[in-house]
Protein chains: 2
Amino acid sequence: MRMRGFRDRADVAEVLGLLAARLESLPEESIPLQEAAGRVLVADVVSDLAVPGFERAAMDGYALRGSETFGAGAYNPLEFEVVGEALPGQPFTDALRAAQAVRIMTGAPLPAGADAVLQAEAAQETSGRLHVTDAVAPGRNVGHCGEDIKAGEVILQAGRALRPQDLGVLASVGTAAVQVVRRPSVAVFVTGNELLPAGSRPEGYRIVDSNSIMLQALVGRDGGVTKVSQALADVRAEVRAALASSDADMLLISGGSSVGKEDLAPGVLAELGELSFHGMALRPASPAGVGFLMHRPVFLLPGNPVSCLCAYDFFAGPALRKLGGRSMDWPYRSCTLPLSRKIVSEVGRVDYVRVQIRDDQVEPLATSGAAILSSTTRADGFVIVPRDSEGYPPAEKVKVFLYD
Amino acid sequence: MRMRGFRDRADVAEVLGLLAARLESLPEESIPLQEAAGRVLVADVVSDLAVPGFERAAMDGYALRGSETFGAGAYNPLEFEVVGEALPGQPFTDALRAAQAVRIMTGAPLPAGADAVLQAEAAQETSGRLHVTDAVAPGRNVGHCGEDIKAGEVILQAGRALRPQDLGVLASVGTAAVQVVRRPSVAVFVTGNELLPAGSRPEGYRIVDSNSIMLQALVGRDGGVTKVSQALADVRAEVRAALASSDADMLLISGGSSVGKEDLAPGVLAELGELSFHGMALRPASPAGVGFLMHRPVFLLPGNPVSCLCAYDFFAGPALRKLGGRSMDWPYRSCTLPLSRKIVSEVGRVDYVRVQIRDDQVEPLATSGAAILSSTTRADGFVIVPRDSEGYPPAEKVKVFLYD
C-alpha cells in the first residue's frame, strides 16, 4: 500500500494546454430545427433566399405612390380612390394607377405601383375615397426585400451556440434541419466497495455514491449526454474491462485515482492507453489524473466529492465542452468584490476556495475540506488562487465564479 | 378595420407588478433525484442523519492514539505495533490497545480507541512495527461525525434551483426523490393565414412561422415545457376554441395581438376571461396584451418577430419563471460599458435597443426594426431605456444584457 503521495504534481495550465491541443470537436449530426436550441453549428449557415422576399407594409395604413401625396396638408387634403385591401399572404393583385390607394395591414405585400405606406392617422377614408392630409415620402413605412436577410448572406457562423432567436431566423429562411456538433457521450464509472447506489440510505460504514449523480448533472450542463453510469468494484479486472469496453466519447472514473493500493484506475489506464498526468498541483483535487484511451479523453477524479467537483470543473468540463464545439472557458458567471478575510495559499499550486458573498464582500468558508460537499452548497461560488500566488490580503478585490 | 393604434399604453412596471401579485408557484411533484438538476425545491430539505455517520480517516496513514505519539521525533522514534488495516467500508473491527496502530486509507472508519491519523510520511513501517518520527495531535486528520452535515440540519432551502453538487449532497443523505415545483406547461399558438409551418420554404407571399420555434426555445430556457404548439387560422371561432380548450398553465398567442380587424386574440380573451392590459408603452412590443383565463396567464405577443421576442422576455418569461418557482429577474448575464453612439428614446415608453459590443464599447445597431429578427442574432445583447429617460449620450455607461 503506497501512501506517500505524488512525487511530482502537474501544472494545471499544462494539463489544460494538452487537452486543448489534443481534443477536437466531434463530427456533425443533422437534427430537426425544433431540437436545436443551444446546439453548436458545425459550419456557417448561408441563406439562399432574401427575407422579406417581397416589398411589404411595415405598418397598418394605405399603400400608394408617395410622390402623389406631396403637398397634402390639413388645409389641402388630396383625394385618392381606395381600390382594395391587402392582408398578409393576401395581396392586392392589380397594379395601382394614379390617385389610387389600397388599405394595407402590416406584413402585407405592397401592391405593384405603390412605393409607400401612409399611416392611417394621416388620412380619412369615407365611402371609398381617401382624403390625405399629410405627405409620405416614397419608400416610407415599407419593409424592403432582403432588409432582414440578403440572399447569399452568412446568417450564423460556425461554432455558434444557437439562441432562441437564431432558430427563428433559421426557420424564416426555410430551414428544416441543422448541422450541429454531435453531443459528446460520457461514461461515468464510480469505484469504491464502500459505496451504496445513489437513492439508498447510508448503512453502517457504507456511504452513498453521490459523485455519479453530481457528475451526470455536470455533464448535462456542459452539453454532454451520460451514456452509462456504472458502479465498479475495486477489482482490477472489473475496472479494466469497463474502460476497455466503453465506446463513449469521454470517460470519467470517480474514486481510486490516487496512489494507494486500491487506486486501480491510474495503473489500468497507463496499461490500456496513456496516463498523461497523474497528480495535480491543485487543491483540493491533487489526486486526479488525465489520459487518453483510443484518442478519447479519460479523467481520473478523486472520490472525495469536493475534489471530484473541482477536478471535473478544472479538467473534464473544459474537455467535454471542447468535444462539443464549445468554449473551454469557465461556464460560471463571475463578479469582482473585496475579500472580508485573507486567503492563504501555497506557491506552486492552484487553490479552489469556496466563498460566500455577504454585504458585497467575499467571505472564504471556514469549513471546507475536500470531503465537505456541503461547502459547495453553502458557498455562492469560488475564488481561484493561481499557482504563483501566496493568497490575498483582506480587502483585496478578487474574482468570484458564481455557482448559480 | 381599425388601424389607429392604442388609445393608452400600459406601463411595463405596472404589468409586471400585476403578474407578480397574481401568479404563484405551481404545486409540487416528486421526481427521482437523477432528474432533479436545475429543478426548484418546494420546501426546505432537512437531513435526518449525519454525514459522515462515523469518525473516518481524512488522509492515508496510520490510525492511533495521538497522545501516544507525543515526544516522537527523528532522534526519538516511538514504536507501535501495526495490528491491521482499515479500508473504506471495511473497518478494523477490534479496539486499539496501547501502542497499537492500524494502517488506514482515506474514508475508512477510525477503529475504536484511535483518535488521530498519522500521515504516512511521519513513520516507517517494517515487518509489522511502526516507527513514528513525528507527533500527531488527537483529532488530527480525522473526518468527524456530522462535520459535513448534521442530523436535523436544513441542507437546502425552499426555492433553491438545484446545482449539480446539491444532488450530490441529497444523495449522500439517502435521498431517492425530491419534491420540486412542477414544470409549467405552455401552449404556443401562432396565428396568421400567411404563415407556413416552420420547416417549410417561404413561397410567394407566404412566409414561414418563426415565432413558434423561437418561443419553444425560450420556454425551455425558462424551465417550462411546451405542451402544444399549434397554428391557428385567423378565424374567430378557431382562436376561441383553442383558448377555451387549452389546459396548459400558460398560453402564448403570437400574432393578431394589435387592434386591426384580423387581430382576434384580444377580443376573444376579453370575452372568455380577462384582458388586463392591451397595448404596452414598450418599443418594439407595443401591440402586446396580458390577461388571464381561469387564473392562468395568457400573453398576446406581436407577430413581428423582434416584438414577439421582446414581449416574451418582458412579460411572459418572468411569468413563466414565477410559475416555476424561479426569479422574475432577467435571465441574461449583464455587463456595464460606455456607449459609442447616443441612444434616443421617447419619454413615456421603455425602449429595447439591440447592441453590439465592439472594443469594449456598446454600439446600438443601425438596422433594428421590429421585423428585423436578424438584429437579435447580430446583436450581442440589448440595452433597456427606462420610461422616464430620453436616452443616453455617447460615452454614457449603460448596462447590457447579453444574449449568450
# chains A, B, ... in the order shown; residues from 1 in each chain; ligands from 1
>>> residues_around(residues="range 335-340 of chain B", least_positions_apart="4", cutoff="6 Å", atoms="only C-alpha atoms", output="MDAnalysis selection string")
chainID B and resid 361:363 394:400
>>> residues_around(residues="Arg326 in chain A", least_positions_apart="3", cutoff="12 Å", atoms="only C-alpha atoms", output="PDB file with C-alpha atoms, in the first residue's frame")
ATOM      1  CA  ALA A  20      -6.724  21.991 -25.883  1.00  0.00           C
ATOM      2  CA  LEU A  23      -9.051  17.414 -28.470  1.00  0.00           C
ATOM      3  CA  GLU A  24     -11.212  18.456 -31.380  1.00  0.00           C
ATOM      4  CA  SER A  25     -14.914  18.998 -31.934  1.00  0.00           C
ATOM      5  CA  LEU A  26     -16.796  15.799 -32.604  1.00  0.00           C
ATOM      6  CA  GLY A  38     -28.253  25.559 -27.500  1.00  0.00           C
ATOM      7  CA  ARG A  39     -26.616  23.233 -30.018  1.00  0.00           C
ATOM      8  CA  VAL A  40     -23.423  24.275 -31.801  1.00  0.00           C
ATOM      9  CA  LEU A  41     -23.286  24.893 -35.568  1.00  0.00           C
ATOM     10  CA  VAL A  42     -20.556  22.996 -37.444  1.00  0.00           C
ATOM     11  CA  ALA A 158     -19.759  28.047 -37.406  1.00  0.00           C
ATOM     12  CA  GLY A 159     -19.306  27.483 -33.687  1.00  0.00           C
ATOM     13  CA  ARG A 160     -22.416  29.410 -32.745  1.00  0.00           C
ATOM     14  CA  ALA A 161     -24.408  28.010 -29.830  1.00  0.00           C
ATOM     15  CA  LEU A 162     -27.906  28.581 -31.127  1.00  0.00           C
ATOM     16  CA  VAL A 180     -24.569  20.629 -35.392  1.00  0.00           C
ATOM     17  CA  VAL A 181     -21.710  19.122 -33.448  1.00  0.00           C
ATOM     18  CA  ARG A 182     -22.746  15.749 -32.104  1.00  0.00           C
ATOM     19  CA  ARG A 183     -23.337  15.757 -28.347  1.00  0.00           C
ATOM     20  CA  PRO A 184     -20.402  14.060 -26.610  1.00  0.00           C
ATOM     21  CA  ARG A 221     -24.743  21.293 -18.085  1.00  0.00           C
ATOM     22  CA  ASP A 222     -21.741  21.092 -20.409  1.00  0.00           C
ATOM     23  CA  GLY A 223     -23.728  19.734 -23.337  1.00  0.00           C
ATOM     24  CA  GLY A 224     -22.856  16.070 -22.943  1.00  0.00           C
ATOM     25  CA  GLY A 317     -15.639  20.121 -18.093  1.00  0.00           C
ATOM     26  CA  PRO A 318     -13.383  22.090 -20.468  1.00  0.00           C
ATOM     27  CA  ALA A 319     -12.576  18.886 -22.362  1.00  0.00           C
ATOM     28  CA  LEU A 320     -16.242  17.997 -22.710  1.00  0.00           C
ATOM     29  CA  ARG A 321     -17.100  21.460 -23.946  1.00  0.00           C
ATOM     30  CA  LYS A 322     -14.244  21.324 -26.456  1.00  0.00           C
ATOM     31  CA  LEU A 323     -15.526  17.992 -27.804  1.00  0.00           C
ATOM     32  CA  ASP A 329     -13.703  28.869 -20.505  1.00  0.00           C
ATOM     33  CA  TRP A 330     -15.437  28.616 -17.135  1.00  0.00           C
ATOM     34  CA  PRO A 331     -19.175  28.193 -17.573  1.00  0.00           C
TER      35      PRO A 331
END
>>> closest_residue(among="A:Asp209, A:Glu68, A:Asp8, A:Asp166", to="Asn304 in chain A", atoms="only C-alpha atoms")
A:Asp209
>>> residues_around(residues="Leu272 in chain A", least_positions_apart="2", cutoff="10 Å", atoms="only C-alpha atoms", output="list of chain:residue names")
A:Arg240, A:Leu243, A:Ala244, A:Gly267, A:Val268, A:Leu269, A:Ala270, A:Glu274, A:Leu275, A:Phe292, A:Leu293, A:Met294
>>> closest_residue(among="B:Leu365, B:Leu402, B:Ile207, B:Ala248", to="chain A", atoms="only C-alpha atoms")
B:Ile207
>>> atom_distance(atom1="CA of Leu16 in chain B", atom2="CA of Asp249 in chain B")
17.8 Å
>>> select_by_dssp(residues="range 21-230 of chain A", states="strand (DSSP E or B)", output="PyMOL selection string")
chain A and resi 28-32+40-41+45-46+51+56-57+61-64+73+76+78-87+90+100-104+109+116-119+123-126+129-132+142-143+149+154-156+161+177-181+185-191+195-196+203+206-208+225-230
>>> closest_residue(among="A:Phe314, A:Phe54, A:Phe6, A:Phe189", to="chain B", atoms="only C-alpha atoms")
A:Phe54
>>> atom_distance(atom1="CA of Leu251 in chain A", atom2="CA of Pro297 in chain A")
6.5 Å
